[in-house]
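Structure file data35.csv (CSV, C-alpha atoms) follows.
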```csv
chain,number,residue,atom,x,y,z
A,1,MET,CA,34.4,40.1,25.6
A,2,GLU,CA,34.1,42.7,28.3
A,3,ASN,CA,32.8,40.1,30.8
A,4,SER,CA,35.8,37.9,29.9
A,5,ARG,CA,38.2,40.8,30.7
A,6,ALA,CA,36.5,41.3,34.0
A,7,SER,CA,36.7,37.6,34.8
A,8,LEU,CA,40.4,37.6,34.0
A,9,MET,CA,40.9,40.6,36.3
A,10,PHE,CA,39.2,38.8,39.1
A,11,LYS,CA,41.3,35.7,38.6
A,12,ALA,CA,44.5,37.8,38.6
A,13,VAL,CA,43.5,39.3,42.0
A,14,ALA,CA,42.7,35.9,43.4
A,15,VAL,CA,46.0,34.5,42.3
A,16,ALA,CA,47.8,37.5,44.0
A,17,ALA,CA,45.9,36.8,47.2
A,18,ILE,CA,46.8,33.2,47.2
A,19,GLY,CA,50.4,34.1,46.5
A,20,LEU,CA,50.4,36.5,49.4
A,21,THR,CA,49.0,33.9,51.7
A,22,ALA,CA,51.5,31.3,50.6
A,23,THR,CA,54.3,33.8,51.3
A,24,LEU,CA,53.0,34.5,54.8
A,25,VAL,CA,52.7,30.8,55.6
A,26,MET,CA,56.2,30.1,54.4
A,27,LEU,CA,57.9,33.0,56.2
A,28,ASP,CA,59.3,32.6,59.8
A,29,PRO,CA,56.9,34.5,62.1
A,30,SER,CA,59.8,36.6,63.5
A,31,ASP,CA,60.2,38.0,60.0
A,32,THR,CA,56.6,39.1,59.5
A,33,LEU,CA,54.5,41.9,60.8
A,34,PHE,CA,52.9,39.7,63.4
A,35,GLY,CA,55.8,40.0,65.9
A,36,GLY,CA,59.1,38.5,67.0
A,37,GLY,CA,58.8,34.8,67.5
A,38,TYR,CA,56.9,32.5,69.9
A,39,PRO,CA,57.4,31.0,73.4
A,40,GLU,CA,59.8,28.1,73.6
A,41,LEU,CA,56.9,25.7,74.6
A,42,TRP,CA,55.2,26.5,71.3
A,43,ARG,CA,58.4,25.7,69.4
A,44,LYS,CA,58.8,22.4,71.2
A,45,THR,CA,55.2,21.3,70.5
A,46,GLY,CA,55.4,22.3,66.8
A,47,LEU,CA,52.9,25.1,67.1
A,48,ALA,CA,55.3,27.9,66.2
A,49,GLY,CA,53.9,29.9,63.3
A,50,ALA,CA,50.4,28.4,63.6
A,51,PRO,CA,48.6,31.6,64.6
A,52,THR,CA,50.3,33.5,61.8
A,53,ARG,CA,49.4,30.9,59.3
A,54,ALA,CA,45.8,30.7,60.6
A,55,ALA,CA,45.5,34.5,60.4
A,56,ALA,CA,46.9,34.6,56.9
A,57,CYS,CA,44.4,32.0,55.7
A,58,ILE,CA,41.5,33.8,57.3
A,59,PHE,CA,42.7,37.1,55.8
A,60,ALA,CA,43.0,35.5,52.4
A,61,GLY,CA,39.5,33.9,52.7
A,62,VAL,CA,37.8,37.1,53.7
A,63,PHE,CA,39.7,39.0,51.0
A,64,LEU,CA,38.6,36.5,48.3
A,65,LEU,CA,35.0,36.7,49.5
A,66,ALA,CA,35.1,40.5,49.4
A,67,MET,CA,36.6,40.5,45.9
A,68,GLY,CA,34.0,38.0,44.7
A,69,TRP,CA,31.2,40.2,46.0
A,70,LEU,CA,32.7,43.3,44.5
A,71,TYR,CA,33.2,41.5,41.1
A,72,ARG,CA,29.5,40.4,41.1
A,73,LEU,CA,28.4,43.9,42.0
A,74,LEU,CA,30.5,45.7,39.4
A,75,PHE,CA,30.9,43.3,36.5
A,76,ALA,CA,28.7,40.1,36.6
A,77,PRO,CA,25.3,40.3,34.9
A,78,LEU,CA,22.3,40.7,37.3
A,79,GLU,CA,20.2,37.5,37.2
A,80,LEU,CA,17.0,37.3,39.3
A,81,LEU,CA,15.0,34.2,38.6
A,82,ARG,CA,11.8,33.7,40.6
A,83,GLY,CA,10.0,30.4,40.9
A,84,VAL,CA,6.3,29.9,40.1
A,85,ASP,CA,5.2,30.5,43.7
A,86,GLU,CA,7.8,32.9,44.9
A,87,VAL,CA,6.1,36.2,44.0
A,88,GLY,CA,2.4,37.3,44.0
A,89,TYR,CA,0.8,35.0,46.7
A,90,ILE,CA,0.0,35.5,50.3
A,91,ALA,CA,0.6,32.5,52.5
A,92,GLU,CA,-1.8,32.6,55.4
A,93,ASP,CA,-3.1,30.1,58.1
A,94,GLY,CA,0.1,28.1,58.0
A,95,ARG,CA,0.0,27.4,54.3
A,96,SER,CA,3.1,27.5,52.1
A,97,ARG,CA,3.3,29.8,49.1
A,98,ALA,CA,3.0,26.8,46.9
A,99,GLN,CA,-0.3,25.8,48.6
A,100,ALA,CA,-1.6,29.3,48.2
A,101,ALA,CA,-0.7,29.4,44.5
A,102,ASN,CA,-2.4,26.1,43.9
A,103,GLU,CA,-5.5,27.2,45.7
A,104,VAL,CA,-5.7,30.5,43.8
A,105,ARG,CA,-5.4,28.6,40.5
A,106,ARG,CA,-8.0,26.1,41.5
A,107,ARG,CA,-10.6,28.6,42.7
A,108,ARG,CA,-10.1,31.6,40.5
A,109,LYS,CA,-12.8,32.5,38.0
A,110,THR,CA,-11.2,32.7,34.6
A,111,GLY,CA,-13.9,34.7,32.7
A,112,GLU,CA,-14.6,34.6,29.0
A,113,LEU,CA,-11.0,34.3,27.8
A,114,PRO,CA,-9.7,34.9,24.3
A,115,PRO,CA,-7.7,32.0,22.8
A,116,VAL,CA,-4.8,31.1,25.1
A,117,TYR,CA,-2.0,31.0,22.4
A,118,PRO,CA,-1.8,34.0,20.0
A,119,ASN,CA,0.1,33.4,16.8
A,120,GLY,CA,3.6,34.8,17.0
A,121,TRP,CA,7.2,34.5,18.0
A,122,TYR,CA,8.1,33.4,21.6
A,123,ARG,CA,11.4,33.3,23.4
A,124,VAL,CA,12.6,29.8,24.6
A,125,LEU,CA,15.9,30.8,26.1
A,126,ASP,CA,18.8,33.3,25.8
A,127,SER,CA,21.7,32.5,23.3
A,128,HIS,CA,24.4,32.5,26.0
A,129,MET,CA,22.5,29.7,27.8
A,130,LEU,CA,23.0,27.3,24.8
A,131,GLU,CA,26.7,26.4,24.1
A,132,ARG,CA,27.8,24.5,21.1
A,133,GLY,CA,26.7,20.9,21.6
A,134,ASP,CA,24.3,21.7,24.4
A,135,VAL,CA,20.7,20.3,24.7
A,136,LYS,CA,18.0,21.9,26.8
A,137,SER,CA,14.6,20.8,27.8
A,138,VAL,CA,12.0,23.6,27.6
A,139,THR,CA,8.2,23.7,28.1
A,140,VAL,CA,6.5,26.2,25.7
A,141,LEU,CA,2.9,26.6,24.6
A,142,GLY,CA,1.9,23.4,26.4
A,143,GLN,CA,4.6,21.4,24.6
A,144,GLN,CA,7.9,19.8,25.6
A,145,VAL,CA,10.7,20.8,23.1
A,146,ALA,CA,14.3,20.0,22.8
A,147,VAL,CA,16.5,23.0,22.1
A,148,PHE,CA,20.0,22.2,20.9
A,149,ARG,CA,23.0,23.9,19.3
A,150,GLY,CA,24.6,21.9,16.5
A,151,GLN,CA,28.3,21.7,15.9
A,152,ASP,CA,27.7,24.2,13.1
A,153,GLY,CA,26.8,26.7,15.8
A,154,LYS,CA,23.1,27.0,14.8
A,155,ALA,CA,20.3,26.6,17.3
A,156,TYR,CA,17.4,24.2,16.5
A,157,VAL,CA,14.1,23.4,18.2
A,158,VAL,CA,12.3,20.1,17.8
A,159,ASP,CA,9.6,18.2,19.7
A,160,ALA,CA,11.1,16.5,22.7
A,161,TYR,CA,9.7,13.0,22.3
A,162,CYS,CA,11.3,10.6,19.9
A,163,PRO,CA,8.6,9.1,17.5
A,164,HIS,CA,10.1,5.7,17.9
A,165,LEU,CA,9.3,4.8,21.5
A,166,GLY,CA,8.8,8.2,23.2
A,167,ALA,CA,12.2,8.8,24.8
A,168,ASN,CA,12.8,12.5,25.7
A,169,LEU,CA,15.5,13.7,23.3
A,170,ALA,CA,16.4,16.6,25.7
A,171,VAL,CA,17.1,14.2,28.6
A,172,GLY,CA,20.2,12.3,27.8
A,173,GLY,CA,20.2,13.1,24.1
A,174,ARG,CA,23.4,14.3,22.5
A,175,VAL,CA,24.3,16.5,19.6
A,176,VAL,CA,26.0,14.8,16.5
A,177,GLY,CA,26.9,17.4,13.9
A,178,GLY,CA,23.6,19.2,13.1
A,179,CYS,CA,21.5,16.4,14.5
A,180,ILE,CA,20.2,15.3,17.9
A,181,GLU,CA,20.6,11.6,18.9
A,182,CYS,CA,18.0,9.8,20.9
A,183,PRO,CA,19.4,8.4,24.2
A,184,PHE,CA,17.3,5.2,23.9
A,185,HIS,CA,18.1,3.6,20.6
A,186,GLY,CA,20.4,6.1,18.9
A,187,TRP,CA,18.0,7.4,16.2
A,188,GLN,CA,19.5,10.7,14.8
A,189,PHE,CA,17.2,13.6,13.8
A,190,ARG,CA,18.4,16.5,11.7
A,191,GLY,CA,17.7,19.9,13.4
A,192,ALA,CA,17.0,21.7,10.1
A,193,ASP,CA,13.9,19.7,9.2
A,194,GLY,CA,13.4,17.0,11.8
A,195,LYS,CA,14.2,14.2,9.3
A,196,CYS,CA,15.7,11.0,10.8
A,197,VAL,CA,19.1,10.4,9.1
A,198,LYS,CA,20.4,7.4,10.9
A,199,ILE,CA,19.1,4.3,12.7
A,200,PRO,CA,22.1,2.4,14.0
A,201,TYR,CA,20.6,-1.1,13.5
A,202,ALA,CA,18.6,-0.5,10.3
A,203,ASP,CA,19.8,-0.7,6.7
A,204,LYS,CA,17.5,2.0,5.6
A,205,VAL,CA,15.8,5.0,7.2
A,206,PRO,CA,12.1,5.2,6.2
A,207,GLU,CA,10.9,8.5,4.7
A,208,PHE,CA,8.2,8.9,7.3
A,209,ALA,CA,10.7,8.8,10.2
A,210,LYS,CA,10.9,12.3,11.5
A,211,VAL,CA,10.2,14.6,14.5
A,212,ARG,CA,8.4,17.9,14.4
A,213,CYS,CA,10.8,20.8,13.7
A,214,TRP,CA,9.7,24.2,15.0
A,215,PRO,CA,10.3,27.3,12.9
A,216,SER,CA,12.9,29.2,15.0
A,217,CYS,CA,15.3,32.1,14.8
A,218,GLU,CA,18.2,33.5,16.8
A,219,ILE,CA,18.3,37.2,17.0
A,220,ASN,CA,19.1,39.9,19.7
A,221,GLY,CA,20.8,37.3,21.8
A,222,GLN,CA,17.7,35.1,22.1
A,223,VAL,CA,16.4,31.9,20.5
A,224,LEU,CA,12.7,32.2,19.6
A,225,VAL,CA,10.1,29.8,18.1
A,226,TRP,CA,7.2,30.6,15.8
A,227,PHE,CA,3.7,29.4,16.7
A,228,HIS,CA,0.7,29.4,14.4
A,229,CYS,CA,-2.4,27.4,15.2
A,230,ASP,CA,-2.8,26.4,11.5
A,231,GLY,CA,0.8,25.6,11.0
A,232,LEU,CA,1.4,28.6,8.7
A,233,GLU,CA,4.9,29.9,8.1
A,234,PRO,CA,6.0,33.1,9.9
A,235,SER,CA,4.2,36.2,8.6
A,236,TRP,CA,6.6,38.7,10.2
A,237,ARG,CA,10.1,38.8,11.6
A,238,VAL,CA,11.4,39.8,15.0
A,239,PRO,CA,12.9,43.3,14.7
A,240,GLU,CA,16.7,43.2,14.9
A,241,GLN,CA,18.5,45.5,17.4
A,242,SER,CA,21.5,46.2,15.2
A,243,GLU,CA,23.5,47.5,18.2
A,244,ILE,CA,23.3,44.0,19.8
A,245,THR,CA,24.4,42.3,16.6
A,246,ARG,CA,27.4,44.7,16.2
A,247,GLY,CA,28.4,44.1,19.8
A,248,GLU,CA,27.9,47.8,20.8
A,249,TRP,CA,25.2,46.7,23.4
A,250,VAL,CA,26.2,43.8,25.7
A,251,TYR,CA,24.3,41.5,27.9
A,252,ARG,CA,23.9,43.0,31.5
A,253,GLY,CA,21.3,40.7,33.0
A,254,ARG,CA,17.9,39.0,33.1
A,255,THR,CA,14.9,38.7,35.5
A,256,GLU,CA,12.3,35.9,35.2
A,257,HIS,CA,8.9,35.5,36.7
A,258,PHE,CA,5.9,33.1,36.3
A,259,ILE,CA,2.5,34.8,36.0
A,260,ASN,CA,-0.8,32.9,36.4
A,261,ALA,CA,-2.8,34.9,33.9
A,262,HIS,CA,-3.8,35.1,30.3
A,263,ILE,CA,-1.2,36.6,28.0
A,264,GLU,CA,-2.0,40.3,27.5
A,265,VAL,CA,1.1,41.9,26.0
A,266,GLY,CA,3.2,41.3,23.0
A,267,PRO,CA,2.5,38.8,21.7
A,268,GLY,CA,5.9,37.3,22.7
A,269,VAL,CA,8.3,40.3,22.6
A,270,VAL,CA,8.2,44.0,23.5
A,271,PHE,CA,11.2,46.3,23.2
A,272,LEU,CA,11.8,49.0,25.9
A,273,LEU,CA,14.4,51.4,24.6
A,274,PHE,CA,16.6,53.7,26.7
A,275,GLU,CA,18.5,56.7,25.5
A,276,HIS,CA,20.0,59.3,27.9
A,277,SER,CA,22.8,61.8,27.2
A,278,PHE,CA,24.6,60.8,30.4
A,279,LEU,CA,23.4,57.3,31.3
A,280,GLY,CA,23.8,56.0,27.7
A,281,ARG,CA,21.6,53.7,25.5
A,282,GLY,CA,20.2,50.2,25.7
A,283,VAL,CA,17.1,48.0,25.5
A,284,ILE,CA,15.1,45.8,27.8
A,285,MET,CA,13.4,42.9,25.9
A,286,HIS,CA,10.2,42.1,27.7
A,287,CYS,CA,9.3,38.6,26.7
A,288,VAL,CA,6.1,36.7,27.6
A,289,THR,CA,6.1,33.0,26.7
A,290,PRO,CA,3.1,30.8,27.5
A,291,VAL,CA,4.2,27.7,29.4
A,292,GLU,CA,0.7,26.3,29.4
A,293,PRO,CA,-2.8,27.9,29.4
A,294,LEU,CA,-2.9,30.7,32.1
A,295,LEU,CA,0.8,30.3,33.0
A,296,GLN,CA,3.3,32.7,31.4
A,297,CYS,CA,7.0,32.9,31.8
A,298,VAL,CA,7.9,36.6,31.7
A,299,SER,CA,11.5,37.6,31.3
A,300,HIS,CA,13.2,41.0,31.1
A,301,THR,CA,16.6,40.8,29.4
A,302,ILE,CA,18.8,44.0,29.2
A,303,PHE,CA,21.5,44.8,26.7
A,304,TYR,CA,23.3,48.1,27.3
A,305,GLN,CA,26.0,50.3,25.8
A,306,SER,CA,29.3,48.6,26.5
A,307,SER,CA,31.1,51.8,27.4
A,308,ILE,CA,28.7,52.5,30.3
A,309,PRO,CA,29.6,50.9,33.7
A,310,PRO,CA,27.6,47.7,34.3
A,311,LEU,CA,26.3,49.1,37.5
A,312,VAL,CA,24.0,51.5,35.6
A,313,PRO,CA,22.0,48.9,33.5
A,314,LYS,CA,21.9,46.6,36.5
A,315,PHE,CA,20.3,49.3,38.6
A,316,ILE,CA,17.8,50.0,35.8
A,317,LEU,CA,16.9,46.3,35.5
A,318,ARG,CA,16.6,46.0,39.3
A,319,ALA,CA,14.2,49.0,39.4
A,320,GLU,CA,12.2,47.5,36.6
A,321,CYS,CA,12.0,44.2,38.6
A,322,ILE,CA,10.8,45.9,41.7
A,323,GLN,CA,8.0,47.8,39.8
A,324,PHE,CA,7.0,44.6,37.9
A,325,GLU,CA,6.7,42.5,41.1
A,326,ARG,CA,4.3,45.0,42.6
A,327,ASP,CA,1.8,44.0,39.9
A,328,VAL,CA,2.3,40.3,40.0
A,329,MET,CA,-0.1,39.7,42.8
A,330,ILE,CA,-2.8,41.6,40.8
A,331,TRP,CA,-2.2,39.5,37.7
A,332,ASN,CA,-2.1,36.2,39.6
A,333,ASN,CA,-5.5,36.8,41.3
A,334,LYS,CA,-7.5,38.7,38.6
A,335,THR,CA,-10.1,37.5,36.2
A,336,TYR,CA,-10.5,38.4,32.5
A,337,ILE,CA,-13.5,40.7,31.8
A,338,SER,CA,-14.4,40.6,28.1
A,339,LYS,CA,-16.6,43.7,28.4
A,340,PRO,CA,-15.0,45.8,31.0
A,341,MET,CA,-16.6,48.9,32.5
A,342,LEU,CA,-14.6,51.7,31.1
A,343,VAL,CA,-14.6,55.5,31.1
A,344,LYS,CA,-13.5,57.6,28.1
A,345,GLU,CA,-10.0,57.9,29.6
A,346,ASP,CA,-9.7,54.1,29.2
A,347,SER,CA,-10.0,54.2,25.4
A,348,ALA,CA,-6.5,52.9,24.9
A,349,ILE,CA,-7.6,49.5,26.5
A,350,GLN,CA,-10.1,48.8,23.8
A,351,LYS,CA,-7.8,50.0,21.1
A,352,HIS,CA,-5.1,47.6,22.4
A,353,ARG,CA,-7.6,44.7,22.4
A,354,ARG,CA,-8.7,45.3,18.9
A,355,TRP,CA,-5.0,45.5,17.7
A,356,PHE,CA,-4.1,42.3,19.6
A,357,SER,CA,-7.0,40.4,18.0
A,358,GLN,CA,-5.1,40.2,14.7
A,359,PHE,CA,-2.9,37.5,16.3
A,360,TYR,CA,-5.8,35.1,16.7
A,361,SER,CA,-7.2,32.8,14.0
A,362,GLU,CA,-10.4,30.8,13.8
A,363,ASN,CA,-8.7,27.7,15.1
A,364,SER,CA,-6.7,29.3,17.9
A,365,PRO,CA,-6.9,27.0,20.9
A,366,ARG,CA,-9.3,28.1,23.7
A,367,LEU,CA,-9.6,27.1,27.3
A,368,ARG,CA,-12.7,25.3,28.5
A,369,TYR,CA,-13.8,23.7,31.7
A,370,GLN,CA,-14.2,19.9,31.9
A,371,HIS,CA,-15.4,18.7,35.3
A,372,ASP,CA,-12.7,20.1,37.7
A,373,THR,CA,-9.8,20.3,35.3
A,374,LEU,CA,-8.7,22.8,32.7
A,375,ASP,CA,-8.4,21.6,29.1
A,376,PHE,CA,-7.8,23.4,25.9
```
Would you mind writing the file out in structure tokens?
Amino acid sequence: MENSRASLMFKAVAVAAIGLTATLVMLDPSDTLFGGGYPELWRKTGLAGAPTRAAACIFAGVFLLAMGWLYRLLFAPLELLRGVDEVGYIAEDGRSRAQAANEVRRRRKTGELPPVYPNGWYRVLDSHMLERGDVKSVTVLGQQVAVFRGQDGKAYVVDAYCPHLGANLAVGGRVVGGCIECPFHGWQFRGADGKCVKIPYADKVPEFAKVRCWPSCEINGQVLVWFHCDGLEPSWRVPEQSEITRGEWVYRGRTEHFINAHIEVGPGVVFLLFEHSFLGRGVIMHCVTPVEPLLQCVSHTIFYQSSIPPLVPKFILRAECIQFERDVMIWNNKTYISKPMLVKEDSAIQKHRRWFSQFYSENSPRLRYQHDTLDF
């Protein structure tokens, strides 16, 4: 709601600037502040008023650019989205960052890794990124999924590939009610349970016709999926931040990075709460979602007290991003040591590892070498 008001304010200023420009263009130059008329030669050649109009257009353009910059600074959410090879690699000897990233991943020693996918909840995207009727393609936990919002307003997550002939439901598929329709032959799958409810050219839909439906929830302005290696139902819920639900804390921005390392926090979601007598209250949701083995999508999403100027939480998020990026190079190039050399002051590390082990099961997928490739 607050962002909408700010957007309306910017539009009103833009309309005023355009109106001022139109007025200057239509006025006779002798009636403006730019002076009293033009030489007779200019009038005969039809150039009378041209400098004034050009100056007015330039003024309006610069004014609109300045207002746009000011609007983004003061009101628009901060969004810093880094690519896989943008942060954490040093490009030397004429190589690009992408080449450096590929070389590090190929040559790095992985160590004796724990299972690559802990059981838990994982963010797939933020709620505001999925409008009613939208379909998004997302890679999560080594799988392609289709995330869509039905006409009922609910978000659903299903396997991306149609079991009929393998078309990607997220690429060209469309939402029909609470179902997603395959772009190839029009099969419709219900988001709630993955059951196929319609085949346009068939009299009857077979009972076995269905697509995998991922357990999901939408909470704290995010859509998350549940993963368990044995297919068990969720054993815990994501804690609700009631201030977000009530609209007291509003979305102020997000940063996103890709880390080439084993997941070491969470799993999935960590809440960083802020409370200050002057700067207000809010939360940064630190989410780590495995894209594939040894590749994590790490996002920091901030919701903050709506009465606090947006510049405050944006500054906090930017500072968090700077500090986080300082460590990305370490994570991208490190190896996992199952039995690290620790001193007594490092006791929290072993405690954390023991606590984290509860999210693994006997059948949790592990990473292993096979020739020169990584399989799990």
Counting only C-alpha atoms, what is within 12 Å of A:Trp236, bar same-chain residues fewer than 6 positions away, as a compact mmCIF listing (two decimals) with C-alpha atoms, in the coordinates of the input?
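The resulting file, part02.txt, is shown below:
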```
# COMPACT_ATOMS: atom_id res chain seq x y z
CA ASN A 119 0.10 33.40 16.80
CA GLY A 120 3.60 34.80 17.00
CA TRP A 121 7.20 34.50 18.00
CA CYS A 217 15.30 32.10 14.80
CA TRP A 226 7.20 30.60 15.80
CA PHE A 227 3.70 29.40 16.70
CA HIS A 228 0.70 29.40 14.40
CA PHE A 359 -2.90 37.50 16.30
```
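Computed from the coordinates, the atom CA of A:Pro267 to atom CA of A:Val124 distance equals 13.8 Å.
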Would you kindly return, as number ranges by chain, each protein, DNA or RNA residue with an atom no farther than 7 Å from any atom of stretch 78-93 of chain A, considering only C-alpha atoms and excluding same-chain residues fewer than 5 positions away?
A: 98, 100-101, 252-258, 314, 325, 328-329, 332
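Relative to atom CA of A:Gln143, atom CA of A:Met285 is found at 23.3 Å.
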Atom CA of A:Val197 to atom CA of A:Gly177: how many Å, to one decimal?
11.5 Å
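Proximity to A:Cys297 was assessed for A:His352, A:Lys195, A:His185, A:His262 counting all atoms listed in the file; the smallest distance is recorded for A:His262.
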Residue nearest A:Tyr156 among A:Pro114, A:Pro77, A:Gly178, A:Gly280 (counting only C-alpha atoms):
A:Gly178
Could you list, as a ChimeraX atom specification, every residue within 8 Å of A:Arg149, counting all atoms listed in the file and ignoring same-chain residues fewer than 6 positions away?
/A:130-135,155-156,175,178
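Between A:Trp214 and the residues A:Tyr122, A:Tyr201, A:Tyr251, A:Phe274, the shortest atom-to-atom distance, using all atoms listed in the file, involves A:Tyr122.
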What's around A:Leu295 at 10 Å? Count all atoms listed in the file, leave out sequence neighbours fewer than 3 positions away in its own chain, and write the answer as number ranges by chain.
A: 84, 105, 116, 141-142, 258-263, 288-292, 298, 332
Protein and nucleic acid residues near (16.6, 44.6, 28.0) (cut-off 6 Å, all atoms listed in the file) as JSON, numbers by chain:
{"A": [283, 284, 285, 300, 301, 302, 303]}
Could you take the residues named above and write them with C-alpha atoms, as a PDB file, keeping the file's coordinate frame?
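Listing of out.pdb after writing:
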```pdb
ATOM      1  CA  VAL A 283      17.100  48.000  25.500  1.00  0.00           C
ATOM      2  CA  ILE A 284      15.100  45.800  27.800  1.00  0.00           C
ATOM      3  CA  MET A 285      13.400  42.900  25.900  1.00  0.00           C
ATOM      4  CA  HIS A 300      13.200  41.000  31.100  1.00  0.00           C
ATOM      5  CA  THR A 301      16.600  40.800  29.400  1.00  0.00           C
ATOM      6  CA  ILE A 302      18.800  44.000  29.200  1.00  0.00           C
ATOM      7  CA  PHE A 303      21.500  44.800  26.700  1.00  0.00           C
TER       8      PHE A 303
END
```
May I have the residues within 12 Å of A:Arg246 as a PyMOL selection string, using all atoms listed in the file and disregarding those fewer than 5 positions away in the same chain?
chain A and resi 219-221+240-241+305-306
Using all atoms listed in the file for the distances, tell me which of A:Pro215, A:Pro115, A:Gly173, A:Gly247 is nearest to A:Pro234.
A:Pro215
Pick from A:Gly166, A:Ile316, A:Gln222, A:Arg366 nearest to A:Leu125, counting only C-alpha atoms
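Of the candidates, the smallest distance to A:Leu125 is held by A:Gln222.
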Given the choices A:Arg353, A:Arg281, A:Lys204, A:Lys344, which gets closest to A:Val250 if the distance is worked out from all atoms listed in the file?
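Result for the nearest residue to A:Val250: A:Arg281.
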